[in-house]
$ cat model_4.txt   # compact mmCIF, N, CA and C atoms
# COMPACT_ATOMS: atom_id res chain seq x y z
N MET A 1 -27.34 2.47 10.69
CA MET A 1 -26.43 1.87 9.74
C MET A 1 -27.23 1.50 8.50
N SER A 2 -26.72 1.86 7.35
CA SER A 2 -27.47 1.58 6.11
C SER A 2 -27.39 0.10 5.77
N THR A 3 -28.34 -0.33 4.96
CA THR A 3 -28.34 -1.74 4.55
C THR A 3 -27.17 -2.04 3.63
N LYS A 4 -26.73 -1.04 2.87
CA LYS A 4 -25.59 -1.24 1.98
C LYS A 4 -24.34 -1.57 2.80
N HIS A 5 -24.14 -0.83 3.90
CA HIS A 5 -22.99 -1.06 4.75
C HIS A 5 -23.04 -2.46 5.37
N VAL A 6 -24.20 -2.86 5.84
CA VAL A 6 -24.37 -4.17 6.45
C VAL A 6 -24.14 -5.26 5.41
N ASN A 7 -24.66 -5.09 4.20
CA ASN A 7 -24.48 -6.08 3.15
C ASN A 7 -23.01 -6.20 2.76
N ASN A 8 -22.29 -5.08 2.72
CA ASN A 8 -20.86 -5.13 2.39
C ASN A 8 -20.08 -5.87 3.47
N GLU A 9 -20.44 -5.67 4.71
CA GLU A 9 -19.76 -6.37 5.80
C GLU A 9 -20.01 -7.87 5.69
N ASN A 10 -21.24 -8.25 5.39
CA ASN A 10 -21.56 -9.67 5.26
C ASN A 10 -20.81 -10.28 4.08
N LEU A 11 -20.74 -9.56 2.98
CA LEU A 11 -20.04 -10.05 1.80
C LEU A 11 -18.56 -10.20 2.10
N ALA A 12 -17.98 -9.24 2.80
CA ALA A 12 -16.56 -9.31 3.15
C ALA A 12 -16.29 -10.50 4.07
N ASN A 13 -17.17 -10.73 5.00
CA ASN A 13 -16.99 -11.86 5.92
C ASN A 13 -17.12 -13.19 5.20
N LYS A 14 -17.98 -13.28 4.21
CA LYS A 14 -18.18 -14.53 3.48
C LYS A 14 -17.03 -14.82 2.52
N THR A 15 -16.45 -13.78 1.91
CA THR A 15 -15.41 -14.01 0.92
C THR A 15 -14.03 -14.17 1.54
N SER A 16 -13.82 -13.72 2.75
CA SER A 16 -12.52 -13.86 3.41
C SER A 16 -12.46 -15.21 4.11
N ASN A 17 -11.37 -15.89 3.89
CA ASN A 17 -11.12 -17.12 4.63
C ASN A 17 -9.62 -17.28 4.78
N TRP A 18 -9.21 -18.33 5.42
CA TRP A 18 -7.80 -18.53 5.70
C TRP A 18 -6.98 -18.64 4.42
N ASP A 19 -7.52 -19.27 3.40
CA ASP A 19 -6.78 -19.45 2.15
C ASP A 19 -6.44 -18.11 1.50
N VAL A 20 -7.38 -17.19 1.53
CA VAL A 20 -7.15 -15.87 0.94
C VAL A 20 -6.06 -15.14 1.71
N LEU A 21 -6.11 -15.22 3.01
CA LEU A 21 -5.10 -14.56 3.84
C LEU A 21 -3.73 -15.19 3.64
N ILE A 22 -3.68 -16.51 3.52
CA ILE A 22 -2.41 -17.20 3.29
C ILE A 22 -1.82 -16.80 1.95
N GLU A 23 -2.64 -16.77 0.91
CA GLU A 23 -2.17 -16.38 -0.43
C GLU A 23 -1.65 -14.96 -0.43
N HIS A 24 -2.37 -14.07 0.24
CA HIS A 24 -1.94 -12.67 0.32
C HIS A 24 -0.60 -12.55 1.05
N SER A 25 -0.46 -13.26 2.15
CA SER A 25 0.79 -13.21 2.91
C SER A 25 1.95 -13.77 2.10
N GLU A 26 1.73 -14.87 1.39
CA GLU A 26 2.79 -15.46 0.57
C GLU A 26 3.20 -14.51 -0.55
N ALA A 27 2.23 -13.84 -1.14
CA ALA A 27 2.53 -12.88 -2.21
C ALA A 27 3.37 -11.73 -1.67
N LYS A 28 3.04 -11.25 -0.47
CA LYS A 28 3.81 -10.16 0.15
C LYS A 28 5.23 -10.62 0.46
N ILE A 29 5.38 -11.84 0.92
CA ILE A 29 6.72 -12.37 1.23
C ILE A 29 7.57 -12.40 -0.03
N VAL A 30 7.00 -12.87 -1.14
CA VAL A 30 7.74 -12.92 -2.41
C VAL A 30 8.11 -11.51 -2.85
N GLU A 31 7.19 -10.57 -2.70
CA GLU A 31 7.46 -9.17 -3.07
C GLU A 31 8.63 -8.61 -2.26
N PHE A 32 8.62 -8.85 -0.96
CA PHE A 32 9.69 -8.34 -0.11
C PHE A 32 11.01 -9.07 -0.36
N GLN A 33 10.96 -10.35 -0.71
CA GLN A 33 12.18 -11.07 -1.03
C GLN A 33 12.85 -10.47 -2.26
N LYS A 34 12.05 -10.06 -3.24
CA LYS A 34 12.60 -9.42 -4.44
C LYS A 34 13.26 -8.09 -4.08
N LYS A 35 12.61 -7.32 -3.20
CA LYS A 35 13.17 -6.04 -2.78
C LYS A 35 14.48 -6.24 -2.02
N VAL A 36 14.52 -7.23 -1.14
CA VAL A 36 15.74 -7.51 -0.38
C VAL A 36 16.85 -7.94 -1.33
N TYR A 37 16.53 -8.73 -2.33
CA TYR A 37 17.53 -9.17 -3.32
C TYR A 37 18.12 -7.96 -4.04
N GLU A 38 17.26 -7.02 -4.47
CA GLU A 38 17.74 -5.82 -5.16
C GLU A 38 18.59 -4.96 -4.24
N MET A 39 18.18 -4.82 -2.99
CA MET A 39 18.96 -4.02 -2.05
C MET A 39 20.31 -4.68 -1.76
N ARG A 40 20.34 -6.00 -1.71
CA ARG A 40 21.59 -6.71 -1.46
C ARG A 40 22.56 -6.48 -2.62
N LYS A 41 22.03 -6.49 -3.85
CA LYS A 41 22.87 -6.22 -5.01
C LYS A 41 23.44 -4.81 -4.94
N SER A 42 22.62 -3.85 -4.56
CA SER A 42 23.08 -2.46 -4.43
C SER A 42 24.16 -2.36 -3.36
N LEU A 43 23.95 -3.02 -2.24
CA LEU A 43 24.92 -2.98 -1.15
C LEU A 43 26.26 -3.56 -1.60
N LYS A 44 26.23 -4.66 -2.33
CA LYS A 44 27.48 -5.25 -2.84
C LYS A 44 28.19 -4.28 -3.77
N PHE A 45 27.42 -3.62 -4.63
CA PHE A 45 28.01 -2.65 -5.56
C PHE A 45 28.65 -1.49 -4.81
N PHE A 46 27.94 -0.96 -3.80
CA PHE A 46 28.47 0.17 -3.03
C PHE A 46 29.76 -0.23 -2.31
N LYS A 47 29.78 -1.42 -1.73
CA LYS A 47 30.99 -1.88 -1.04
C LYS A 47 32.14 -2.06 -2.01
N LYS A 48 31.83 -2.55 -3.20
CA LYS A 48 32.87 -2.74 -4.22
C LYS A 48 33.44 -1.39 -4.64
N GLN A 49 32.58 -0.40 -4.83
CA GLN A 49 33.03 0.94 -5.21
C GLN A 49 33.92 1.53 -4.12
N ARG A 50 33.51 1.37 -2.86
CA ARG A 50 34.29 1.91 -1.74
C ARG A 50 35.65 1.24 -1.65
N SER A 51 35.68 -0.08 -1.78
CA SER A 51 36.95 -0.78 -1.65
C SER A 51 37.88 -0.51 -2.83
N SER A 52 37.31 -0.13 -3.98
CA SER A 52 38.13 0.19 -5.15
C SER A 52 38.73 1.59 -5.05
N GLY A 53 38.26 2.39 -4.11
CA GLY A 53 38.79 3.73 -3.93
C GLY A 53 38.17 4.75 -4.88
N ILE A 54 37.07 4.40 -5.50
CA ILE A 54 36.39 5.33 -6.40
C ILE A 54 35.71 6.41 -5.56
N PRO A 55 35.96 7.69 -5.85
CA PRO A 55 35.36 8.76 -5.04
C PRO A 55 33.84 8.81 -5.26
N PHE A 56 33.16 9.20 -4.20
CA PHE A 56 31.71 9.32 -4.26
C PHE A 56 31.35 10.47 -5.19
N PRO A 57 30.45 10.25 -6.16
CA PRO A 57 30.12 11.33 -7.11
C PRO A 57 29.31 12.44 -6.44
N LEU A 58 29.89 13.62 -6.41
CA LEU A 58 29.21 14.78 -5.85
C LEU A 58 28.88 15.75 -6.97
N ILE A 59 27.77 16.43 -6.84
CA ILE A 59 27.35 17.42 -7.84
C ILE A 59 28.17 18.69 -7.61
N ASP A 60 28.80 19.17 -8.67
CA ASP A 60 29.57 20.42 -8.57
C ASP A 60 28.61 21.57 -8.78
N ARG A 61 28.23 22.23 -7.71
CA ARG A 61 27.23 23.30 -7.77
C ARG A 61 27.78 24.60 -8.36
N HIS A 62 29.10 24.75 -8.38
CA HIS A 62 29.70 25.99 -8.86
C HIS A 62 30.24 25.84 -10.29
N ARG A 63 29.64 25.00 -11.05
CA ARG A 63 30.12 24.69 -12.37
C ARG A 63 30.03 25.87 -13.33
N HIS A 64 28.99 26.69 -13.23
CA HIS A 64 28.75 27.77 -14.18
C HIS A 64 29.27 29.12 -13.71
N GLU A 65 29.86 29.17 -12.55
CA GLU A 65 30.33 30.47 -12.06
C GLU A 65 31.70 30.81 -12.61

$ encode --input "model_4.txt" --output "structure tokens"
Amino acid sequence: MSTKHVNNENLANKTSNWDVLIEHSEAKIVEFQKKVYEMRKSLKFFKKQRSSGIPFPLIDRHRHE
């Protein structure tokens, strides 16, 4: 094992602690909460379109024939 690899492992072990892991986890939770919020908005829109009777937009492949 090279000394560079060993030194990197030691540095990683010294810089990682519970606070770093907690901050990372909290940041991921916020990121996923934003994604869930956006998906919920999309779901509400889709349900509204369906209940309004608006047909699903399909691509007309035979448009130029």

$ atom_distance --input "model_4.txt" --atom1 "atom C of Met39 (chain A)" --atom2 "CA of Leu21 (chain A)"
27.8 Å

$ atom_distance --input "model_4.txt" --atom1 "CA of Glu38 (chain A)" --atom2 "CA of Glu26 (chain A)"
18.7 Å

$ atom_distance --input "model_4.txt" --atom1 "CA of Ser52 (chain A)" --atom2 "CA of Lys35 (chain A)"
25.8 Å
